[in-house]
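Trainee: Starting off with a structure, shown below.
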Amino acid sequence: MKIVSIVGARPQFIKAATVSRVLRANSTIHEILLHTGQHYDENMSDVFFRELNIPLPDYNLEVGSGSHAEQTGMMLKGIEEVLIREKPDCTLVYGDTNSTLAGALAATKLHIPVAHVEAGLRSFNRMMPEEINRIVTDRISDLLFAPTQTAIDNLTREGLAEVTCFSGDVMYDSVLYYRDWILRDPSRYQTPGIPEVYILATIHRAENTDNPENLKNIFLAFSRLNQKVVLPIHPRTRKILQASFALPANVHIIDPVGYLQMMKLTMDATRVMTDSGGLQKEAYFLKKQCITMRTETEWIETLHDQWNIVTGSDPILIGNAGKSGLPTAPQRPSFGNGKSAGIILEKLLRF
C-alpha cells in the first residue's frame, strides 16, 4: 500500500513522527512524506525533522507564507502534481491547517481516498480558519480517526458515523514516547537561562496577535502574576510586540524551541498559559494545569477539575487563574491508551 502523508505545520510534524514510525515498520506500507512548506524557517520546521527522527520529506513544496487563499491555492497545485505522479492508494492528512484542507481537496478531486487524523474536533467558532478547515476536511474524507469520544459524537451528529473510528490521540502517543527520551537525559533538553520557577506561555493565534487590545490585556495579566513568565515567541509576534508596547519585567522572551525542548519547558513549569490547541493537550498529558487564553476550546475533556481553565484575553480572569490553586484531582483516560498509531495502521490496512 502506498500512502502519501501531507504535513506542513509544527503540530503535524509531531503527529506524523508518531504515525510514520509505525507505518514504516510495516513491510507492506510505502509511505511518501510531502511537506507543503507552510512552516518553513529553521526553528519552525527543519529542527523538528532532525530532533524527532522524522524521515526527510520526499517532496517539499516550499509554499511559505501568504493569505489563506494564496497559500491554499499554491498547495493545491503542488499536491495535485505529486499525487498524479505517485498514484497513492491513500492520502493521510493531519489536524486543521491549510495544508490539511489542500491535501484533502487535491486527493478527493483525483478520487484518491483521504484519511483524516484528529477528525471531529469542533470549536463551533467559524471565525477561526481552523474550524472551516476541519469541517470541510471531515466532510470529504473517506476515513476519520477521532481522538476522543466528543469528536465521535460531533461526527455522528454530522452524519459521518459510518466512516468514523476511535483511534485515541496520536499526540498522547508522542508525549509518552518522547517524555521517556527526555527523562533519560534531561540536561540535554534544558533551555539555557530559564528561571528556576516560571509559568510557560505561548501566544500565536491571530485572534490575539492581530488584536492589539487582546495582546495588551494578556501582557497586563502577565505583569500581575507573582512568577516569571517564559514566552517562546514566533518572529512575527515579536515584531508586533516590539512595535506596540514595552514588555513587563517578569516576561522572559526566548526564540522558538524544538519539540523536545518545549516538552522539557512544560515538564518544569508550574503551569501553562496558551492559545494553542496542541499545548493544551500536552500540558494535560504532562499533568500541568493549562490556562487557555481563548474563548473556547476543542479539548473539552481537559476542563474537568480545573486542569484547563478558559479565560479568553480577560486580564482579570487570566490573573485569577494564574494565582489559583493547582488541581489535585486525578485525570481521566479520554485520549486512548497511547497506542493510537497502531490502531490507525490496522484500520488503514483493512480499508
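Scheme for the C-alpha cells: letters A, B, ... for chains in order shown; per-chain residue numbers from 1; ligand numbers from 1 in order shown.
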Using DSSP assignments from the backbone, pull out every residue in region 126-233 of chain A that falls under strand (DSSP E or B) and give it to me as a list in words.

Mentor: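 Restricting region 126-233 of chain A to strand (DSSP E or B) produces Leu143, Leu144, Phe145, Ala146, Thr164, Cys165, Phe166, Tyr198, Ile199, Leu200, Ala201, Thr202, Lys228, Val229, Val230, Leu231 and Pro232 of chain A.
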
Trainee: Store the residues picked out above in a file with C-alpha atoms, as a PDB file, in the first residue's frame.

Mentor:
```
ATOM      1  CA  LEU A 143     -11.840   7.562   6.880  1.00  0.00           C
ATOM      2  CA  LEU A 144     -11.981   9.680  10.030  1.00  0.00           C
ATOM      3  CA  PHE A 145      -9.720   8.964  13.003  1.00  0.00           C
ATOM      4  CA  ALA A 146     -11.352  10.570  16.041  1.00  0.00           C
ATOM      5  CA  THR A 164     -15.500   7.266  11.825  1.00  0.00           C
ATOM      6  CA  CYS A 165     -13.105   5.266  14.005  1.00  0.00           C
ATOM      7  CA  PHE A 166     -11.980   5.973  17.571  1.00  0.00           C
ATOM      8  CA  TYR A 198       8.165  30.012  35.972  1.00  0.00           C
ATOM      9  CA  ILE A 199       4.896  29.836  34.076  1.00  0.00           C
ATOM     10  CA  LEU A 200       5.246  28.745  30.453  1.00  0.00           C
ATOM     11  CA  ALA A 201       3.225  30.807  27.964  1.00  0.00           C
ATOM     12  CA  THR A 202       2.652  30.842  24.206  1.00  0.00           C
ATOM     13  CA  LYS A 228       8.314  34.828  35.834  1.00  0.00           C
ATOM     14  CA  VAL A 229       6.594  34.069  32.532  1.00  0.00           C
ATOM     15  CA  VAL A 230       8.732  32.280  29.940  1.00  0.00           C
ATOM     16  CA  LEU A 231       7.442  33.051  26.452  1.00  0.00           C
ATOM     17  CA  PRO A 232       8.849  31.317  23.342  1.00  0.00           C
TER      18      PRO A 232
END
```

Trainee: So which residues touch Gly66 (chain A) within 12 Å, counting only C-alpha atoms, skipping near sequence neighbours fewer than 5 positions away, as a PyMOL selection string?

Mentor: chain A and resi 37-39+71-75+98

Trainee: Could you find all residues in region 3-150 of chain A that DSSP calls alpha helix (DSSP H) from the backbone, and write them as an mmCIF file with N, CA and C atoms, in the first residue's frame?

Mentor:
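The file below, out-v9.cif, is the result:
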```cif
data_model
loop_
_atom_site.group_PDB
_atom_site.id
_atom_site.type_symbol
_atom_site.label_atom_id
_atom_site.label_comp_id
_atom_site.auth_asym_id
_atom_site.auth_seq_id
_atom_site.Cartn_x
_atom_site.Cartn_y
_atom_site.Cartn_z
ATOM 1 N N ARG A 10 4.013 22.848 12.410
ATOM 2 C CA ARG A 10 4.676 22.255 13.577
ATOM 3 C C ARG A 10 3.885 21.115 14.234
ATOM 4 N N PRO A 11 2.597 21.289 14.564
ATOM 5 C CA PRO A 11 1.894 20.174 15.216
ATOM 6 C C PRO A 11 1.823 18.925 14.338
ATOM 7 N N GLN A 12 1.772 19.135 13.025
ATOM 8 C CA GLN A 12 1.673 17.988 12.125
ATOM 9 C C GLN A 12 2.970 17.200 12.063
ATOM 10 N N PHE A 13 4.104 17.885 12.201
ATOM 11 C CA PHE A 13 5.372 17.168 12.209
ATOM 12 C C PHE A 13 5.413 16.182 13.385
ATOM 13 N N ILE A 14 4.899 16.639 14.518
ATOM 14 C CA ILE A 14 4.918 15.804 15.720
ATOM 15 C C ILE A 14 3.995 14.599 15.553
ATOM 16 N N LYS A 15 2.791 14.840 15.033
ATOM 17 C CA LYS A 15 1.851 13.737 14.813
ATOM 18 C C LYS A 15 2.387 12.761 13.776
ATOM 19 N N ALA A 16 2.952 13.305 12.693
ATOM 20 C CA ALA A 16 3.482 12.447 11.636
ATOM 21 C C ALA A 16 4.659 11.613 12.121
ATOM 22 N N ALA A 17 5.457 12.157 13.023
ATOM 23 C CA ALA A 17 6.586 11.385 13.555
ATOM 24 C C ALA A 17 6.098 10.109 14.214
ATOM 25 N N THR A 18 5.010 10.222 14.966
ATOM 26 C CA THR A 18 4.453 9.071 15.676
ATOM 27 C C THR A 18 3.860 8.052 14.714
ATOM 28 N N VAL A 19 3.043 8.528 13.773
ATOM 29 C CA VAL A 19 2.370 7.610 12.852
ATOM 30 C C VAL A 19 3.355 7.023 11.844
ATOM 31 N N SER A 20 4.270 7.843 11.327
ATOM 32 C CA SER A 20 5.229 7.354 10.332
ATOM 33 C C SER A 20 6.116 6.250 10.898
ATOM 34 N N ARG A 21 6.470 6.368 12.168
ATOM 35 C CA ARG A 21 7.312 5.351 12.786
ATOM 36 C C ARG A 21 6.629 3.986 12.739
ATOM 37 N N VAL A 22 5.324 3.965 12.939
ATOM 38 C CA VAL A 22 4.569 2.712 12.910
ATOM 39 C C VAL A 22 4.323 2.252 11.469
ATOM 40 N N LEU A 23 3.978 3.183 10.592
ATOM 41 C CA LEU A 23 3.728 2.822 9.197
ATOM 42 C C LEU A 23 4.968 2.206 8.563
ATOM 43 N N VAL A 47 14.171 21.869 12.331
ATOM 44 C CA VAL A 47 14.610 21.295 13.594
ATOM 45 C C VAL A 47 13.751 20.104 14.001
ATOM 46 N N PHE A 48 12.467 20.118 13.632
ATOM 47 C CA PHE A 48 11.586 19.027 14.024
ATOM 48 C C PHE A 48 11.941 17.735 13.310
ATOM 49 N N PHE A 49 12.271 17.834 12.040
ATOM 50 C CA PHE A 49 12.642 16.628 11.306
ATOM 51 C C PHE A 49 13.920 16.015 11.878
ATOM 52 N N ARG A 50 14.852 16.882 12.292
ATOM 53 C CA ARG A 50 16.107 16.377 12.843
ATOM 54 C C ARG A 50 15.893 15.741 14.213
ATOM 55 N N GLU A 51 15.296 16.486 15.128
ATOM 56 C CA GLU A 51 15.273 16.017 16.511
ATOM 57 C C GLU A 51 14.284 14.892 16.747
ATOM 58 N N HIS A 68 -4.699 33.139 3.187
ATOM 59 C CA HIS A 68 -5.254 31.777 3.171
ATOM 60 C C HIS A 68 -5.496 31.308 1.743
ATOM 61 N N ALA A 69 -6.017 32.173 0.904
ATOM 62 C CA ALA A 69 -6.306 31.785 -0.476
ATOM 63 C C ALA A 69 -5.026 31.516 -1.252
ATOM 64 N N GLU A 70 -4.032 32.402 -1.112
ATOM 65 C CA GLU A 70 -2.762 32.216 -1.822
ATOM 66 C C GLU A 70 -2.085 30.921 -1.390
ATOM 67 N N GLN A 71 -2.001 30.730 -0.090
ATOM 68 C CA GLN A 71 -1.310 29.566 0.447
ATOM 69 C C GLN A 71 -2.008 28.275 0.031
ATOM 70 N N THR A 72 -3.318 28.229 0.215
ATOM 71 C CA THR A 72 -4.071 27.016 -0.115
ATOM 72 C C THR A 72 -4.026 26.738 -1.614
ATOM 73 N N GLY A 73 -4.114 27.780 -2.431
ATOM 74 C CA GLY A 73 -4.068 27.600 -3.875
ATOM 75 C C GLY A 73 -2.739 27.032 -4.352
ATOM 76 N N MET A 74 -1.636 27.568 -3.822
ATOM 77 C CA MET A 74 -0.322 27.053 -4.211
ATOM 78 C C MET A 74 -0.143 25.608 -3.756
ATOM 79 N N MET A 75 -0.651 25.309 -2.561
ATOM 80 C CA MET A 75 -0.566 23.941 -2.066
ATOM 81 C C MET A 75 -1.371 22.988 -2.948
ATOM 82 N N LEU A 76 -2.583 23.384 -3.300
ATOM 83 C CA LEU A 76 -3.424 22.532 -4.146
ATOM 84 C C LEU A 76 -2.699 22.154 -5.430
ATOM 85 N N LYS A 77 -2.105 23.130 -6.066
ATOM 86 C CA LYS A 77 -1.397 22.870 -7.325
ATOM 87 C C LYS A 77 -0.237 21.896 -7.114
ATOM 88 N N GLY A 78 0.577 22.164 -6.092
ATOM 89 C CA GLY A 78 1.744 21.315 -5.856
ATOM 90 C C GLY A 78 1.376 19.909 -5.407
ATOM 91 N N ILE A 79 0.392 19.802 -4.519
ATOM 92 C CA ILE A 79 -0.026 18.483 -4.028
ATOM 93 C C ILE A 79 -0.618 17.663 -5.170
ATOM 94 N N GLU A 80 -1.438 18.301 -5.998
ATOM 95 C CA GLU A 80 -2.043 17.576 -7.125
ATOM 96 C C GLU A 80 -0.965 16.983 -8.031
ATOM 97 N N GLU A 81 0.078 17.753 -8.313
ATOM 98 C CA GLU A 81 1.154 17.255 -9.174
ATOM 99 C C GLU A 81 1.830 16.030 -8.568
ATOM 100 N N VAL A 82 2.059 16.072 -7.254
ATOM 101 C CA VAL A 82 2.696 14.929 -6.585
ATOM 102 C C VAL A 82 1.778 13.708 -6.611
ATOM 103 N N LEU A 83 0.501 13.909 -6.337
ATOM 104 C CA LEU A 83 -0.436 12.782 -6.296
ATOM 105 C C LEU A 83 -0.592 12.145 -7.678
ATOM 106 N N ILE A 84 -0.612 12.954 -8.719
ATOM 107 C CA ILE A 84 -0.697 12.399 -10.073
ATOM 108 C C ILE A 84 0.545 11.577 -10.394
ATOM 109 N N ARG A 85 1.692 12.056 -9.936
ATOM 110 C CA ARG A 85 2.946 11.347 -10.197
ATOM 111 C C ARG A 85 3.027 10.043 -9.401
ATOM 112 N N GLU A 86 2.631 10.077 -8.135
ATOM 113 C CA GLU A 86 2.843 8.938 -7.247
ATOM 114 C C GLU A 86 1.708 7.915 -7.275
ATOM 115 N N ASN A 98 -4.141 24.829 6.730
ATOM 116 C CA ASN A 98 -4.357 24.959 5.292
ATOM 117 C C ASN A 98 -3.761 23.781 4.533
ATOM 118 N N SER A 99 -2.678 23.215 5.049
ATOM 119 C CA SER A 99 -2.086 22.026 4.428
ATOM 120 C C SER A 99 -3.062 20.851 4.465
ATOM 121 N N THR A 100 -3.784 20.722 5.577
ATOM 122 C CA THR A 100 -4.788 19.660 5.729
ATOM 123 C C THR A 100 -5.878 19.806 4.677
ATOM 124 N N LEU A 101 -6.418 21.004 4.593
ATOM 125 C CA LEU A 101 -7.507 21.268 3.649
ATOM 126 C C LEU A 101 -7.048 21.049 2.209
ATOM 127 N N ALA A 102 -5.889 21.592 1.860
ATOM 128 C CA ALA A 102 -5.395 21.460 0.489
ATOM 129 C C ALA A 102 -5.146 19.999 0.128
ATOM 130 N N GLY A 103 -4.565 19.236 1.064
ATOM 131 C CA GLY A 103 -4.310 17.824 0.802
ATOM 132 C C GLY A 103 -5.576 17.042 0.577
ATOM 133 N N ALA A 104 -6.589 17.298 1.413
ATOM 134 C CA ALA A 104 -7.859 16.587 1.285
ATOM 135 C C ALA A 104 -8.565 16.948 -0.017
ATOM 136 N N LEU A 105 -8.571 18.231 -0.372
ATOM 137 C CA LEU A 105 -9.226 18.665 -1.604
ATOM 138 C C LEU A 105 -8.540 18.091 -2.843
ATOM 139 N N ALA A 106 -7.216 18.173 -2.878
ATOM 140 C CA ALA A 106 -6.487 17.680 -4.048
ATOM 141 C C ALA A 106 -6.718 16.190 -4.246
ATOM 142 N N ALA A 107 -6.645 15.421 -3.169
ATOM 143 C CA ALA A 107 -6.817 13.972 -3.276
ATOM 144 C C ALA A 107 -8.243 13.609 -3.676
ATOM 145 N N THR A 108 -9.221 14.257 -3.051
ATOM 146 C CA THR A 108 -10.621 13.943 -3.343
ATOM 147 C C THR A 108 -10.948 14.196 -4.808
ATOM 148 N N LYS A 109 -10.459 15.280 -5.364
ATOM 149 C CA LYS A 109 -10.745 15.601 -6.759
ATOM 150 C C LYS A 109 -10.075 14.621 -7.723
ATOM 151 N N PRO A 129 -10.186 30.127 11.132
ATOM 152 C CA PRO A 129 -9.956 29.408 9.878
ATOM 153 C C PRO A 129 -9.771 27.909 10.086
ATOM 154 N N GLU A 130 -9.218 27.537 11.252
ATOM 155 C CA GLU A 130 -9.032 26.109 11.534
ATOM 156 C C GLU A 130 -10.357 25.366 11.584
ATOM 157 N N GLU A 131 -11.400 26.046 12.068
ATOM 158 C CA GLU A 131 -12.707 25.398 12.165
ATOM 159 C C GLU A 131 -13.253 25.071 10.776
ATOM 160 N N ILE A 132 -13.088 25.998 9.840
ATOM 161 C CA ILE A 132 -13.529 25.747 8.468
ATOM 162 C C ILE A 132 -12.730 24.595 7.862
ATOM 163 N N ASN A 133 -11.431 24.591 8.095
ATOM 164 C CA ASN A 133 -10.579 23.514 7.560
ATOM 165 C C ASN A 133 -11.025 22.151 8.090
ATOM 166 N N ARG A 134 -11.347 22.089 9.384
ATOM 167 C CA ARG A 134 -11.777 20.819 9.984
ATOM 168 C C ARG A 134 -13.078 20.324 9.368
ATOM 169 N N ILE A 135 -14.043 21.218 9.296
ATOM 170 C CA ILE A 135 -15.367 20.823 8.824
ATOM 171 C C ILE A 135 -15.304 20.313 7.391
ATOM 172 N N VAL A 136 -14.622 21.064 6.526
ATOM 173 C CA VAL A 136 -14.540 20.664 5.116
ATOM 174 C C VAL A 136 -13.760 19.368 4.968
ATOM 175 N N THR A 137 -12.637 19.249 5.662
ATOM 176 C CA THR A 137 -11.825 18.035 5.553
ATOM 177 C C THR A 137 -12.593 16.811 6.024
ATOM 178 N N ASP A 138 -13.286 16.914 7.134
ATOM 179 C CA ASP A 138 -14.068 15.775 7.629
ATOM 180 C C ASP A 138 -15.157 15.384 6.632
ATOM 181 N N ARG A 139 -15.792 16.375 6.027
ATOM 182 C CA ARG A 139 -16.905 16.102 5.117
ATOM 183 C C ARG A 139 -16.447 15.344 3.868
ATOM 184 N N ILE A 140 -15.236 15.595 3.384
ATOM 185 C CA ILE A 140 -14.805 14.978 2.123
ATOM 186 C C ILE A 140 -13.855 13.793 2.329
ATOM 187 N N GLN A 149 -14.073 10.667 22.469
ATOM 188 C CA GLN A 149 -15.494 10.375 22.323
ATOM 189 C C GLN A 149 -16.271 11.621 21.914
ATOM 190 N N THR A 150 -15.848 12.780 22.383
ATOM 191 C CA THR A 150 -16.505 14.015 21.974
ATOM 192 C C THR A 150 -16.410 14.210 20.463
#
```

Trainee: Which distance in Å separates CA of His116 (chain A) and CA of Glu207 (chain A), to one decimal?

Mentor: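 That distance, rounded to one decimal, is 25.7 Å.
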
Trainee: For Tyr94 (chain A), which residue out of A:Val114, A:Ala161, A:Leu345, A:Ile203 is the nearest one, using only C-alpha atoms?

Mentor: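 Of A:Val114, A:Ala161, A:Leu345, A:Ile203, the one nearest Tyr94 (chain A), counting only C-alpha atoms, is A:Val114.
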
Trainee: When you look at Ala246 (chain A) with a cut-off of 12 Å (counting only C-alpha atoms), what residues show up, excluding the ones that are within fewer than 5 positions of it in the same chain? I need them as a PyMOL selection string.

Mentor: chain A and resi 215-216+219-220+223+238+240-241+251

Trainee: Neighbouring residues of Gly120 (chain A) were defined as those with any atom within 6 Å, considering only C-alpha atoms; residues of the same chain fewer than 3 positions away were excluded. Please report them as number ranges by chain.

Mentor: A: 146, 151, 154-155

Trainee: Might you pull out every residue within 7 Å of region 24-36 of chain A, with only C-alpha atoms counted and same-chain residues fewer than 2 positions away left off, and present them as an MDAnalysis selection string?

Mentor: chainID A and resid 1:8 20:22 38 57:63 75 99

Trainee: Store the residues picked out above, limited to N, CA and C atoms, as an mmCIF file, in the first residue's frame.

Mentor:
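Result saved to selection.cif:
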```cif
data_model
loop_
_atom_site.group_PDB
_atom_site.id
_atom_site.type_symbol
_atom_site.label_atom_id
_atom_site.label_comp_id
_atom_site.auth_asym_id
_atom_site.auth_seq_id
_atom_site.Cartn_x
_atom_site.Cartn_y
_atom_site.Cartn_z
ATOM 1 N N MET A 1 0.847 -1.198 0.000
ATOM 2 C CA MET A 1 0.000 0.000 0.000
ATOM 3 C C MET A 1 0.876 1.238 0.000
ATOM 4 N N LYS A 2 0.612 2.146 -0.925
ATOM 5 C CA LYS A 2 1.352 3.405 -0.982
ATOM 6 C C LYS A 2 0.498 4.503 -0.357
ATOM 7 N N ILE A 3 1.074 5.218 0.610
ATOM 8 C CA ILE A 3 0.391 6.293 1.317
ATOM 9 C C ILE A 3 1.194 7.573 1.162
ATOM 10 N N VAL A 4 0.542 8.651 0.771
ATOM 11 C CA VAL A 4 1.165 9.972 0.803
ATOM 12 C C VAL A 4 0.681 10.686 2.061
ATOM 13 N N SER A 5 1.605 10.994 2.962
ATOM 14 C CA SER A 5 1.297 11.742 4.189
ATOM 15 C C SER A 5 1.646 13.204 3.956
ATOM 16 N N ILE A 6 0.699 14.084 4.261
ATOM 17 C CA ILE A 6 0.868 15.510 3.982
ATOM 18 C C ILE A 6 0.975 16.275 5.297
ATOM 19 N N VAL A 7 2.067 17.014 5.446
ATOM 20 C CA VAL A 7 2.290 17.842 6.631
ATOM 21 C C VAL A 7 2.732 19.223 6.180
ATOM 22 N N GLY A 8 2.692 20.168 7.108
ATOM 23 C CA GLY A 8 3.140 21.498 6.737
ATOM 24 C C GLY A 8 3.373 22.423 7.902
ATOM 25 N N SER A 20 4.270 7.843 11.327
ATOM 26 C CA SER A 20 5.229 7.354 10.332
ATOM 27 C C SER A 20 6.116 6.250 10.898
ATOM 28 N N ARG A 21 6.470 6.368 12.168
ATOM 29 C CA ARG A 21 7.312 5.351 12.786
ATOM 30 C C ARG A 21 6.629 3.986 12.739
ATOM 31 N N VAL A 22 5.324 3.965 12.939
ATOM 32 C CA VAL A 22 4.569 2.712 12.910
ATOM 33 C C VAL A 22 4.323 2.252 11.469
ATOM 34 N N GLN A 38 4.406 25.084 4.717
ATOM 35 C CA GLN A 38 3.599 26.109 5.396
ATOM 36 C C GLN A 38 4.396 26.749 6.533
ATOM 37 N N PRO A 57 11.432 14.840 4.070
ATOM 38 C CA PRO A 57 10.329 14.779 3.108
ATOM 39 C C PRO A 57 10.799 14.329 1.728
ATOM 40 N N ASP A 58 9.979 13.533 1.092
ATOM 41 C CA ASP A 58 10.247 13.166 -0.293
ATOM 42 C C ASP A 58 9.975 14.345 -1.221
ATOM 43 N N TYR A 59 9.048 15.207 -0.799
ATOM 44 C CA TYR A 59 8.722 16.414 -1.545
ATOM 45 C C TYR A 59 8.582 17.568 -0.575
ATOM 46 N N ASN A 60 9.087 18.739 -0.963
ATOM 47 C CA ASN A 60 8.878 19.956 -0.188
ATOM 48 C C ASN A 60 8.414 21.046 -1.146
ATOM 49 N N LEU A 61 7.185 21.475 -1.009
ATOM 50 C CA LEU A 61 6.603 22.456 -1.928
ATOM 51 C C LEU A 61 7.103 23.867 -1.661
ATOM 52 N N GLU A 62 7.651 24.117 -0.459
ATOM 53 C CA GLU A 62 8.215 25.413 -0.094
ATOM 54 C C GLU A 62 7.238 26.555 -0.378
ATOM 55 N N VAL A 63 5.996 26.362 0.031
ATOM 56 C CA VAL A 63 4.954 27.349 -0.233
ATOM 57 C C VAL A 63 5.174 28.625 0.562
ATOM 58 N N MET A 75 -0.651 25.309 -2.561
ATOM 59 C CA MET A 75 -0.566 23.941 -2.066
ATOM 60 C C MET A 75 -1.371 22.988 -2.948
ATOM 61 N N SER A 99 -2.678 23.215 5.049
ATOM 62 C CA SER A 99 -2.086 22.026 4.428
ATOM 63 C C SER A 99 -3.062 20.851 4.465
#
```

Trainee: What are the closest atom pairs, with distances in Å to one decimal, for all residues of region 211-298 of chain A lying within 12 Å of region 314-329 of chain A? Consider only C-alpha atoms, order rows by chain and residue number, and present the result as JSON lines.

Mentor:
```
{"residue": "A:Glu213", "atom": "CA", "partner": "A:Asp314", "partner_atom": "CA", "distance": 10.0}
{"residue": "A:Asn214", "atom": "CA", "partner": "A:Asp314", "partner_atom": "CA", "distance": 7.8}
{"residue": "A:Leu215", "atom": "CA", "partner": "A:Pro315", "partner_atom": "CA", "distance": 10.0}
{"residue": "A:Lys216", "atom": "CA", "partner": "A:Pro315", "partner_atom": "CA", "distance": 9.0}
{"residue": "A:Asn217", "atom": "CA", "partner": "A:Pro315", "partner_atom": "CA", "distance": 5.3}
{"residue": "A:Ile218", "atom": "CA", "partner": "A:Pro315", "partner_atom": "CA", "distance": 5.9}
{"residue": "A:Phe219", "atom": "CA", "partner": "A:Pro315", "partner_atom": "CA", "distance": 8.1}
{"residue": "A:Leu220", "atom": "CA", "partner": "A:Pro315", "partner_atom": "CA", "distance": 6.4}
{"residue": "A:Ala221", "atom": "CA", "partner": "A:Pro315", "partner_atom": "CA", "distance": 4.6}
{"residue": "A:Phe222", "atom": "CA", "partner": "A:Gly319", "partner_atom": "CA", "distance": 7.2}
{"residue": "A:Ser223", "atom": "CA", "partner": "A:Gly319", "partner_atom": "CA", "distance": 9.0}
{"residue": "A:Arg224", "atom": "CA", "partner": "A:Gly319", "partner_atom": "CA", "distance": 6.7}
{"residue": "A:Leu225", "atom": "CA", "partner": "A:Gly319", "partner_atom": "CA", "distance": 6.4}
{"residue": "A:Asn226", "atom": "CA", "partner": "A:Lys323", "partner_atom": "CA", "distance": 7.8}
{"residue": "A:Gln227", "atom": "CA", "partner": "A:Gly322", "partner_atom": "CA", "distance": 9.3}
{"residue": "A:Lys228", "atom": "CA", "partner": "A:Gly322", "partner_atom": "CA", "distance": 11.5}
{"residue": "A:Val229", "atom": "CA", "partner": "A:Gly322", "partner_atom": "CA", "distance": 10.6}
{"residue": "A:Thr270", "atom": "CA", "partner": "A:Leu326", "partner_atom": "CA", "distance": 8.7}
{"residue": "A:Arg271", "atom": "CA", "partner": "A:Gly322", "partner_atom": "CA", "distance": 8.1}
{"residue": "A:Val272", "atom": "CA", "partner": "A:Gly322", "partner_atom": "CA", "distance": 8.9}
{"residue": "A:Met273", "atom": "CA", "partner": "A:Gly322", "partner_atom": "CA", "distance": 8.3}
{"residue": "A:Thr274", "atom": "CA", "partner": "A:Ile318", "partner_atom": "CA", "distance": 10.6}
{"residue": "A:Asp275", "atom": "CA", "partner": "A:Ile318", "partner_atom": "CA", "distance": 11.9}
{"residue": "A:Tyr284", "atom": "CA", "partner": "A:Pro327", "partner_atom": "CA", "distance": 11.0}
{"residue": "A:Lys287", "atom": "CA", "partner": "A:Pro327", "partner_atom": "CA", "distance": 9.1}
{"residue": "A:Lys288", "atom": "CA", "partner": "A:Leu326", "partner_atom": "CA", "distance": 8.5}
{"residue": "A:Gln289", "atom": "CA", "partner": "A:Leu326", "partner_atom": "CA", "distance": 6.7}
{"residue": "A:Cys290", "atom": "CA", "partner": "A:Ala321", "partner_atom": "CA", "distance": 9.3}
{"residue": "A:Ile291", "atom": "CA", "partner": "A:Ala321", "partner_atom": "CA", "distance": 6.9}
{"residue": "A:Thr292", "atom": "CA", "partner": "A:Ile318", "partner_atom": "CA", "distance": 8.6}
{"residue": "A:Met293", "atom": "CA", "partner": "A:Ile318", "partner_atom": "CA", "distance": 7.5}
{"residue": "A:Arg294", "atom": "CA", "partner": "A:Asp314", "partner_atom": "CA", "distance": 9.3}
{"residue": "A:Thr295", "atom": "CA", "partner": "A:Asp314", "partner_atom": "CA", "distance": 9.6}
```

Trainee: Write out as number ranges by chain the residues lying within 8 Å of Ile182 (chain A), counting only C-alpha atoms and excluding same-chain residues fewer than 4 positions away.

Mentor: A: 178, 186, 188-189, 260, 264

Trainee: Write out as a list in words each polymer residue whose atoms come within 10 Å of Gly336 (chain A), counting only C-alpha atoms; drop sequence neighbours fewer than 4 positions from it.

Mentor: Pro147, Thr148, Gln149, Phe166, Ser167, Gly168, Asp169, Val170, Tyr172, Asp173 and Ser340 of chain A

Trainee: Next, the residues of the selection above should be written as an mmCIF file, in the first residue's frame with N, CA and C atoms.

Mentor:
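What follows is the written file selection_35.cif:
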```
data_model
loop_
_atom_site.group_PDB
_atom_site.id
_atom_site.type_symbol
_atom_site.label_atom_id
_atom_site.label_comp_id
_atom_site.auth_asym_id
_atom_site.auth_seq_id
_atom_site.Cartn_x
_atom_site.Cartn_y
_atom_site.Cartn_z
ATOM 1 N N PRO A 147 -9.981 11.405 17.909
ATOM 2 C CA PRO A 147 -9.120 11.232 19.080
ATOM 3 C C PRO A 147 -9.865 11.048 20.395
ATOM 4 N N THR A 148 -11.145 11.456 20.454
ATOM 5 C CA THR A 148 -11.908 11.394 21.702
ATOM 6 C C THR A 148 -13.355 11.012 21.415
ATOM 7 N N GLN A 149 -14.073 10.667 22.469
ATOM 8 C CA GLN A 149 -15.494 10.375 22.323
ATOM 9 C C GLN A 149 -16.271 11.621 21.914
ATOM 10 N N PHE A 166 -12.679 5.433 16.400
ATOM 11 C CA PHE A 166 -11.980 5.973 17.571
ATOM 12 C C PHE A 166 -10.556 5.427 17.570
ATOM 13 N N SER A 167 -9.601 6.321 17.410
ATOM 14 C CA SER A 167 -8.195 5.921 17.403
ATOM 15 C C SER A 167 -7.498 6.279 18.703
ATOM 16 N N GLY A 168 -8.075 7.230 19.459
ATOM 17 C CA GLY A 168 -7.289 7.851 20.512
ATOM 18 C C GLY A 168 -6.437 8.943 19.886
ATOM 19 N N ASP A 169 -5.682 9.626 20.704
ATOM 20 C CA ASP A 169 -4.945 10.809 20.266
ATOM 21 C C ASP A 169 -3.476 10.482 20.019
ATOM 22 N N VAL A 170 -2.996 10.698 18.789
ATOM 23 C CA VAL A 170 -1.594 10.395 18.480
ATOM 24 C C VAL A 170 -0.648 11.307 19.249
ATOM 25 N N TYR A 172 -0.932 11.917 22.351
ATOM 26 C CA TYR A 172 -0.688 11.208 23.608
ATOM 27 C C TYR A 172 0.405 10.165 23.410
ATOM 28 N N ASP A 173 0.350 9.453 22.288
ATOM 29 C CA ASP A 173 1.435 8.526 21.941
ATOM 30 C C ASP A 173 2.771 9.264 21.965
ATOM 31 N N SER A 340 -2.341 4.846 19.647
ATOM 32 C CA SER A 340 -3.226 5.304 18.573
ATOM 33 C C SER A 340 -2.655 5.018 17.194
#
```

Trainee: So how far away is CA of Asp96 (chain A) from CA of Ser67 (chain A), in Å?

Mentor: 16.0 Å

Trainee: Between A:Asn250, A:Ser65, A:Ser276, A:Thr91, which one has atoms that come closest to Pro113 (chain A), using only C-alpha atoms?

Mentor: A:Thr91

Trainee: Between CA of Asp142 (chain A) and CA of Gly95 (chain A), what is the distance, to one decimal in Å?

Mentor: 15.2 Å
